[in-house]
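Below: one structure, written as structure tokens.
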Amino acid sequence: MTQVIGLSQGMFNLTTDSSGAIVLNRPAIADQMLDKSGKPVTDQAVTIKWSEFRDLIVKTLPKAAAK
């Protein structure tokens with residue numbers, strides 16, 4: 001089975017909120033998306049503060065890579 005990956009799920013618009021914090025926004029992707037078993041799924045928009053996103057990245061990376 002050929003798998004085509006979509007790269008649009010990683011494209012964020014950067015804005016600042018009323019407190020000056022950087023916020024990442026990505027609208028829902030309208031193209032068909034499949035889960036790992038091949039079933040269609042509906043995407044949802046993503047909004048997250050940069051500080052929260054960075055914390056998720058640091059928690060996900062192995063300890064050695066975070067140094």
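The way I read the labels, and the way they are meant: chains A, B, ... in the order of the structure tokens, residue 1 as the first residue of every chain, and ligand 1 as the first ligand shown, with later ones counted on from there.
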Met33 in chain A surroundings by only C-alpha atoms, 8 Å radius, close-in-sequence under 2 positions cut, as a list of chain:residue names:
A:Asp31, A:Asp35, A:Pro40, A:Val41, A:Thr42, A:Asp43
Hey, what's within 12 Å of Gly10 in chain A if we count only C-alpha atoms and toss same-chain stuff fewer than 5 positions away? As a compact mmCIF listing (two decimals) with C-alpha atoms, in the first residue's frame, please?
# COMPACT_ATOMS: atom_id res chain seq x y z
CA ILE A 5 1.66 11.93 3.92
CA LEU A 24 -0.20 28.97 17.14
CA ASN A 25 -3.33 28.45 15.04
CA ARG A 26 -4.10 25.87 12.37
CA PRO A 27 -7.52 25.63 10.75
CA ALA A 28 -9.11 22.24 10.25
CA ILE A 29 -7.84 20.48 7.14
CA ALA A 45 -8.67 23.14 14.19
CA VAL A 46 -5.74 23.56 16.59
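Per DSSP on the backbone, strand (DSSP E) in chain A comprises Asn13, Leu14, Thr15, Thr16, Ile22, Val23, Leu24, Asn25, Arg26, Met33, Leu34, Pro40, Val41, Val46, Thr47, Ile48 and Lys49 of chain A.
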Please give the complete set of residues from chain A that DSSP, run on the backbone, assigns to alpha helix (DSSP H), formatted as JSON, numbers by chain.
{"A": [50, 51, 52, 53, 54, 55, 56, 57, 58, 59, 60]}
